Amino acid sequence: MRFIPEEPQFTEGQSAERSVWEALRRTLPDDAVLAHSVQLRDGRAEHEIDILVLWPGVGMAAIEVKGGRISVENGQWLQSDRGGSHKIQSPVVQSQSSHHALKNWLGRQLGTPLTSRFAYMVAFPYTSVPKEWSMAGCPRTLVLDDRQCESPAELVRRVIETEGGGASPLATAFMERIERQLAGSLDGGTSAHVSPREDEDTQDHLTERQAVLLQATRSLTRVRFTGGAGSGKTWLAVEKARMLSKQGKRVGLFCYNKGLGQYLQDRVSSWRQAKPIFTGEFHEYVRQLGVPDGKGQDYFDIEMPRLLRELAGTMEPEQRLDAVIVDEAQDFAPLWWEALLACTANPDEGEVYAFMDDRQDVYQRWGGLTADLNHGPTATFVPIHIDENLRNTRKIAETFKPFAGEHFTPRGSTGLPVRRVHCSTEEALDVAGDCVDALIDEGWANNQIALLTTKERHPVHLDYFSRGATDEYWREFHAGEAEFYGHVLGFKGLERSVVVLCVNGFKDMARATEQLYVGLSRARSLLVVVGDSELLEEAGGRELKHSLSRAEAWDPLLDPDEAPAA
């Protein structure tokens, strides 16, 4: 469900409006839109709709809300509260007037008369109104009383369908046009490469404000920072490493995958003062300590950590770590934790900080045990929840919100519409390449773009992999000199301004949801989703289907100058 504004600010005197708003929020379907305090001018007259409902496939309703106890005496409406009883204008007339004002305004803004069903209503959340009551100009059906305000959605639907003027249900496409007008989005006429830069500067500023979490938890020695995609966990992990290193502590900053490891190394390489003793992949740390290399998953998951524990028993005090920081900690095998803590000065009570998203356990090699917050390696850590999404625009964040948990809260700017390119799974790789070319033609710099696949690697990616040139591959990504071709599994914790998510199948449908979550959340300014709609719904569920229904259909081969008018 969408809201205008995203987070309405109800004043102390608007408890009645808040009550009705929350009831509608609970009972309306997910594809509805709720708007609060819609201000209108119709000629010289000013109007306000307390709550406006846009319901696709049904229609619209303008609701005037009155708190206190409402009564009518000899045609005069009265409102009673703690200060006593006073006369008020007919709330029905208010609702009717604002209803007409909105119809007139939308007709002017959209260039066509509003023909969708549109009703006006009143809501009295603290007043009981008898079923048989009515008065001239106000049939009982237009009134929601205290009992009906508890679950109002179906009653609103009934009023729209039976009392609303207009000949047709509200079409989704037309509703989206109305929504854009109500939201008042201002297009400053900037080119594609300017507005996203401002968005990303804002995202960086919001992320840096997260440092307050590190200050607030500085006396805690074992903390689990849990947050969704785009919450700034990697920034926090690096900042924590910087703070502890400046205190003279021997710090290890770890992760699992190579791309993120090189990113962390790049971040700390510019520090002029104290740096972590080690930064990068856990496996590289083990090799540096002298554990012999091996092959196979059993070696990495079981044998290697066993050998590291044995070696840890012989380490000198000056070799041991004072603090351990792990980014994308849900990817760490349970035995890695045990072996890594054995390398610390105080394995039982030393400083350990895990930054994780339990919903991004895309590797799933250990039965989800590391991401198990009740029995896993970090279960005893103090939990700190990071619920705000800061690294994506709201339009991107809303796309993957169904995967991110109920407390996930987008905080970024609105941003550009998500683009949707429908094609068969077999065509997805070629079509995604067309998207990259079209984006560059639009003015996006090639080094702003990443193309991520969900199954087979892109040929450019495959070439590096087949040559064994993974170090060169990631160095080129971090140098930021060209477009990037990768796989969602290797792009965790990383980001680019534009991501073309090429859904070219899944090797394991059981892991598809987590892979989509990662892929959808890697773009900061523009997300393009390429692939078959049925496969996307199978992998991501009806919630993803609904999210993508709001995306902008795009044909990368169509000349923008020849595109039909919206």
# chains A, B, ... in the order shown; residues from 1 in each chain; ligands from 1

call {"tool": "select_by_dssp", "arguments": {"residues": "region 258-467 of chain A", "states": "alpha helix (DSSP H)", "output": "JSON, numbers by chain"}}
result
{"A": [258, 259, 260, 261, 262, 263, 264, 265, 266, 267, 268, 269, 282, 283, 284, 285, 286, 287, 288, 297, 298, 304, 305, 306, 307, 308, 309, 310, 311, 312, 334, 335, 336, 337, 338, 339, 340, 341, 394, 395, 396, 397, 398, 399, 400, 401, 402, 403, 404, 428, 429, 430, 431, 432, 433, 434, 435, 436, 437, 438, 439, 440, 441, 442, 459, 460, 461, 462, 463, 464, 465, 466]}

call {"tool": "write_last_selection", "arguments": {"atoms": "C-alpha atoms", "output": "mmCIF file, in the first residue's frame"}}
result
data_model
loop_
_atom_site.group_PDB
_atom_site.id
_atom_site.type_symbol
_atom_site.label_atom_id
_atom_site.label_comp_id
_atom_site.auth_asym_id
_atom_site.auth_seq_id
_atom_site.Cartn_x
_atom_site.Cartn_y
_atom_site.Cartn_z
ATOM 1 C CA LYS A 258 36.073 -11.576 -2.830
ATOM 2 C CA GLY A 259 34.305 -8.551 -4.289
ATOM 3 C CA LEU A 260 33.301 -7.229 -0.887
ATOM 4 C CA GLY A 261 36.731 -8.075 0.504
ATOM 5 C CA GLN A 262 38.442 -5.875 -2.072
ATOM 6 C CA TYR A 263 35.941 -3.098 -1.404
ATOM 7 C CA LEU A 264 36.774 -3.175 2.313
ATOM 8 C CA GLN A 265 40.498 -3.118 1.500
ATOM 9 C CA ASP A 266 40.015 -0.084 -0.741
ATOM 10 C CA ARG A 267 38.144 1.710 2.034
ATOM 11 C CA VAL A 268 40.851 1.254 4.662
ATOM 12 C CA SER A 269 43.796 1.765 2.285
ATOM 13 C CA PHE A 282 38.324 -14.834 5.924
ATOM 14 C CA HIS A 283 40.016 -17.479 3.730
ATOM 15 C CA GLU A 284 42.847 -15.096 2.879
ATOM 16 C CA TYR A 285 43.441 -14.434 6.576
ATOM 17 C CA VAL A 286 43.724 -18.162 7.209
ATOM 18 C CA ARG A 287 46.210 -18.564 4.358
ATOM 19 C CA GLN A 288 48.307 -15.636 5.616
ATOM 20 C CA GLN A 297 33.606 -27.391 0.135
ATOM 21 C CA ASP A 298 34.314 -29.818 2.986
ATOM 22 C CA MET A 304 40.306 -25.440 7.238
ATOM 23 C CA PRO A 305 38.669 -24.093 10.436
ATOM 24 C CA ARG A 306 39.948 -27.179 12.307
ATOM 25 C CA LEU A 307 43.485 -26.443 11.155
ATOM 26 C CA LEU A 308 43.079 -22.788 12.114
ATOM 27 C CA ARG A 309 41.990 -23.709 15.648
ATOM 28 C CA GLU A 310 45.079 -25.865 16.009
ATOM 29 C CA LEU A 311 47.303 -23.064 14.784
ATOM 30 C CA ALA A 312 45.593 -20.566 17.093
ATOM 31 C CA PRO A 334 29.541 -21.793 12.255
ATOM 32 C CA LEU A 335 32.970 -23.438 12.428
ATOM 33 C CA TRP A 336 34.599 -20.313 10.997
ATOM 34 C CA TRP A 337 33.321 -18.349 13.968
ATOM 35 C CA GLU A 338 34.833 -20.818 16.428
ATOM 36 C CA ALA A 339 38.187 -20.817 14.636
ATOM 37 C CA LEU A 340 38.290 -17.046 14.240
ATOM 38 C CA LEU A 341 37.515 -16.380 17.899
ATOM 39 C CA ARG A 394 12.186 4.751 -2.232
ATOM 40 C CA LYS A 395 10.958 3.439 -5.566
ATOM 41 C CA ILE A 396 13.724 0.834 -5.567
ATOM 42 C CA ALA A 397 13.287 0.012 -1.866
ATOM 43 C CA GLU A 398 9.537 -0.462 -2.286
ATOM 44 C CA THR A 399 10.250 -3.064 -4.973
ATOM 45 C CA PHE A 400 12.120 -5.409 -2.626
ATOM 46 C CA LYS A 401 10.279 -4.394 0.557
ATOM 47 C CA PRO A 402 8.242 -7.660 0.603
ATOM 48 C CA PHE A 403 11.505 -9.563 1.180
ATOM 49 C CA ALA A 404 12.952 -7.266 3.838
ATOM 50 C CA ALA A 428 17.021 -12.172 -21.058
ATOM 51 C CA LEU A 429 20.804 -12.030 -21.482
ATOM 52 C CA ASP A 430 20.636 -10.369 -24.902
ATOM 53 C CA VAL A 431 17.870 -7.985 -23.860
ATOM 54 C CA ALA A 432 19.787 -6.977 -20.734
ATOM 55 C CA GLY A 433 22.758 -6.107 -22.954
ATOM 56 C CA ASP A 434 20.459 -3.919 -25.037
ATOM 57 C CA CYS A 435 19.439 -2.183 -21.818
ATOM 58 C CA VAL A 436 23.049 -1.335 -20.986
ATOM 59 C CA ASP A 437 23.553 0.174 -24.446
ATOM 60 C CA ALA A 438 20.315 2.174 -24.173
ATOM 61 C CA LEU A 439 21.220 3.516 -20.734
ATOM 62 C CA ILE A 440 24.601 4.714 -21.983
ATOM 63 C CA ASP A 441 22.821 6.390 -24.901
ATOM 64 C CA GLU A 442 20.568 8.133 -22.349
ATOM 65 C CA PRO A 459 29.924 -13.746 -21.469
ATOM 66 C CA VAL A 460 32.176 -10.916 -20.206
ATOM 67 C CA HIS A 461 32.009 -12.333 -16.671
ATOM 68 C CA LEU A 462 32.522 -15.863 -17.966
ATOM 69 C CA ASP A 463 35.691 -14.823 -19.811
ATOM 70 C CA TYR A 464 37.346 -13.618 -16.593
ATOM 71 C CA PHE A 465 36.202 -16.739 -14.735
ATOM 72 C CA SER A 466 37.448 -19.161 -17.385
#

call {"tool": "atom_distance", "arguments": {"atom1": "CA of Leu106 (chain A)", "atom2": "CA of Leu182 (chain A)"}}
result
9.2 Å

call {"tool": "select_by_dssp", "arguments": {"residues": "region 116-334 of chain A", "states": "strand (DSSP E)", "output": "ChimeraX atom specification"}}
result
/A:118-123,143-144,222-227,251-255,278-281,323-327

call {"tool": "write_last_selection", "arguments": {"atoms": "C-alpha atoms", "output": "compact mmCIF listing (two decimals), in the first residue's frame"}}
result
# COMPACT_ATOMS: atom_id res chain seq x y z
CA PHE A 118 -16.09 8.74 -6.55
CA ALA A 119 -18.04 8.98 -3.27
CA TYR A 120 -17.94 11.35 -0.31
CA MET A 121 -18.38 10.12 3.27
CA VAL A 122 -18.07 11.14 6.91
CA ALA A 123 -16.45 9.21 9.77
CA VAL A 143 -21.67 7.65 7.78
CA LEU A 144 -19.05 5.48 9.46
CA ARG A 222 29.53 -8.40 21.53
CA VAL A 223 26.90 -6.89 19.28
CA ARG A 224 24.83 -8.18 16.38
CA PHE A 225 23.75 -5.37 14.05
CA THR A 226 20.86 -6.77 12.05
CA GLY A 227 19.37 -4.82 9.15
CA VAL A 251 41.40 -5.33 14.60
CA GLY A 252 40.37 -7.89 12.01
CA LEU A 253 37.74 -6.78 9.45
CA PHE A 254 36.36 -9.84 7.68
CA CYS A 255 33.84 -10.89 5.04
CA PHE A 278 43.76 -7.64 8.49
CA THR A 279 41.02 -6.60 6.07
CA GLY A 280 39.34 -8.88 3.54
CA GLU A 281 38.19 -12.45 3.01
CA ALA A 323 38.53 -7.22 18.11
CA VAL A 324 36.77 -9.03 15.29
CA ILE A 325 34.34 -7.36 12.87
CA VAL A 326 32.43 -9.43 10.31
CA ASP A 327 30.41 -7.88 7.49

call {"tool": "atom_distance", "arguments": {"atom1": "CA of Pro169 (chain A)", "atom2": "CA of Val33 (chain A)"}}
result
14.7 Å

call {"tool": "atom_distance", "arguments": {"atom1": "CA of Ala274 (chain A)", "atom2": "CA of Leu214 (chain A)"}}
result
18.4 Å

call {"tool": "residues_around", "arguments": {"residues": "Arg209 (chain A)", "least_positions_apart": "5", "cutoff": "12 Å", "atoms": "only C-alpha atoms", "output": "ChimeraX atom specification"}}
result
/A:202-204,214-215,231-232,235-236,239,388,390

call {"tool": "closest_residue", "arguments": {"among": "A:Ala354, A:Met175, A:Val238, A:Val500", "to": "Gly57 (chain A)", "atoms": "only C-alpha atoms"}}
result
A:Met175

call {"tool": "closest_residue", "arguments": {"among": "A:Glu154, A:Asp293, A:Asp50, A:Glu179", "to": "Pro29 (chain A)", "atoms": "only C-alpha atoms"}}
result
A:Glu154

call {"tool": "closest_atom_pairs", "arguments": {"of": "region 138-186 of chain A", "to": "region 98-104 of chain A", "cutoff": "12 Å", "atoms": "only C-alpha atoms", "output": "tab-separated table"}}
result
residue	atom	partner	partner_atom	distance
A:Gly164	CA	A:His99	CA	10.6
A:Gly165	CA	A:His99	CA	10.5
A:Gly166	CA	A:Lys103	CA	10.7
A:Ile178	CA	A:Leu102	CA	10.5
A:Gln181	CA	A:Leu102	CA	11.1
A:Leu182	CA	A:Leu102	CA	10.0

call {"tool": "write_last_selection", "arguments": {"atoms": "N, CA and C atoms", "output": "mmCIF file, in the first residue's frame"}}
result
data_model
loop_
_atom_site.group_PDB
_atom_site.id
_atom_site.type_symbol
_atom_site.label_atom_id
_atom_site.label_comp_id
_atom_site.auth_asym_id
_atom_site.auth_seq_id
_atom_site.Cartn_x
_atom_site.Cartn_y
_atom_site.Cartn_z
ATOM 1 N N GLY A 164 -21.405 6.324 -5.146
ATOM 2 C CA GLY A 164 -20.423 7.155 -5.832
ATOM 3 C C GLY A 164 -20.857 7.564 -7.220
ATOM 4 N N GLY A 165 -20.620 8.831 -7.557
ATOM 5 C CA GLY A 165 -20.845 9.278 -8.916
ATOM 6 C C GLY A 165 -19.750 8.762 -9.823
ATOM 7 N N GLY A 166 -20.039 8.628 -11.092
ATOM 8 C CA GLY A 166 -19.066 8.081 -12.033
ATOM 9 C C GLY A 166 -19.550 6.782 -12.613
ATOM 10 N N ILE A 178 -3.358 9.887 -11.056
ATOM 11 C CA ILE A 178 -3.893 10.702 -9.954
ATOM 12 C C ILE A 178 -2.899 10.749 -8.803
ATOM 13 N N GLN A 181 -0.180 13.213 -9.347
ATOM 14 C CA GLN A 181 -0.640 14.589 -9.162
ATOM 15 C C GLN A 181 -0.764 14.929 -7.679
ATOM 16 N N LEU A 182 -1.309 14.012 -6.905
ATOM 17 C CA LEU A 182 -1.475 14.261 -5.469
ATOM 18 C C LEU A 182 -0.135 14.360 -4.757
#

call {"tool": "closest_residue", "arguments": {"among": "A:Arg140, A:Arg69, A:Arg419, A:His478", "to": "Leu520 (chain A)", "atoms": "only C-alpha atoms"}}
result
A:Arg419

call {"tool": "closest_atom_pairs", "arguments": {"of": "region 485-537 of chain A", "to": "region 473-477 of chain A", "cutoff": "12 Å", "atoms": "only C-alpha atoms", "output": "JSON lines"}}
result
{"residue": "A:Tyr485", "atom": "CA", "partner": "A:Phe477", "partner_atom": "CA", "distance": 9.0}
{"residue": "A:Gly486", "atom": "CA", "partner": "A:Tyr473", "partner_atom": "CA", "distance": 9.6}
{"residue": "A:Gly490", "atom": "CA", "partner": "A:Trp474", "partner_atom": "CA", "distance": 10.2}
{"residue": "A:Phe491", "atom": "CA", "partner": "A:Trp474", "partner_atom": "CA", "distance": 10.5}
{"residue": "A:Leu494", "atom": "CA", "partner": "A:Phe477", "partner_atom": "CA", "distance": 10.3}
{"residue": "A:Glu495", "atom": "CA", "partner": "A:Phe477", "partner_atom": "CA", "distance": 10.7}
{"residue": "A:Arg496", "atom": "CA", "partner": "A:Phe477", "partner_atom": "CA", "distance": 10.1}
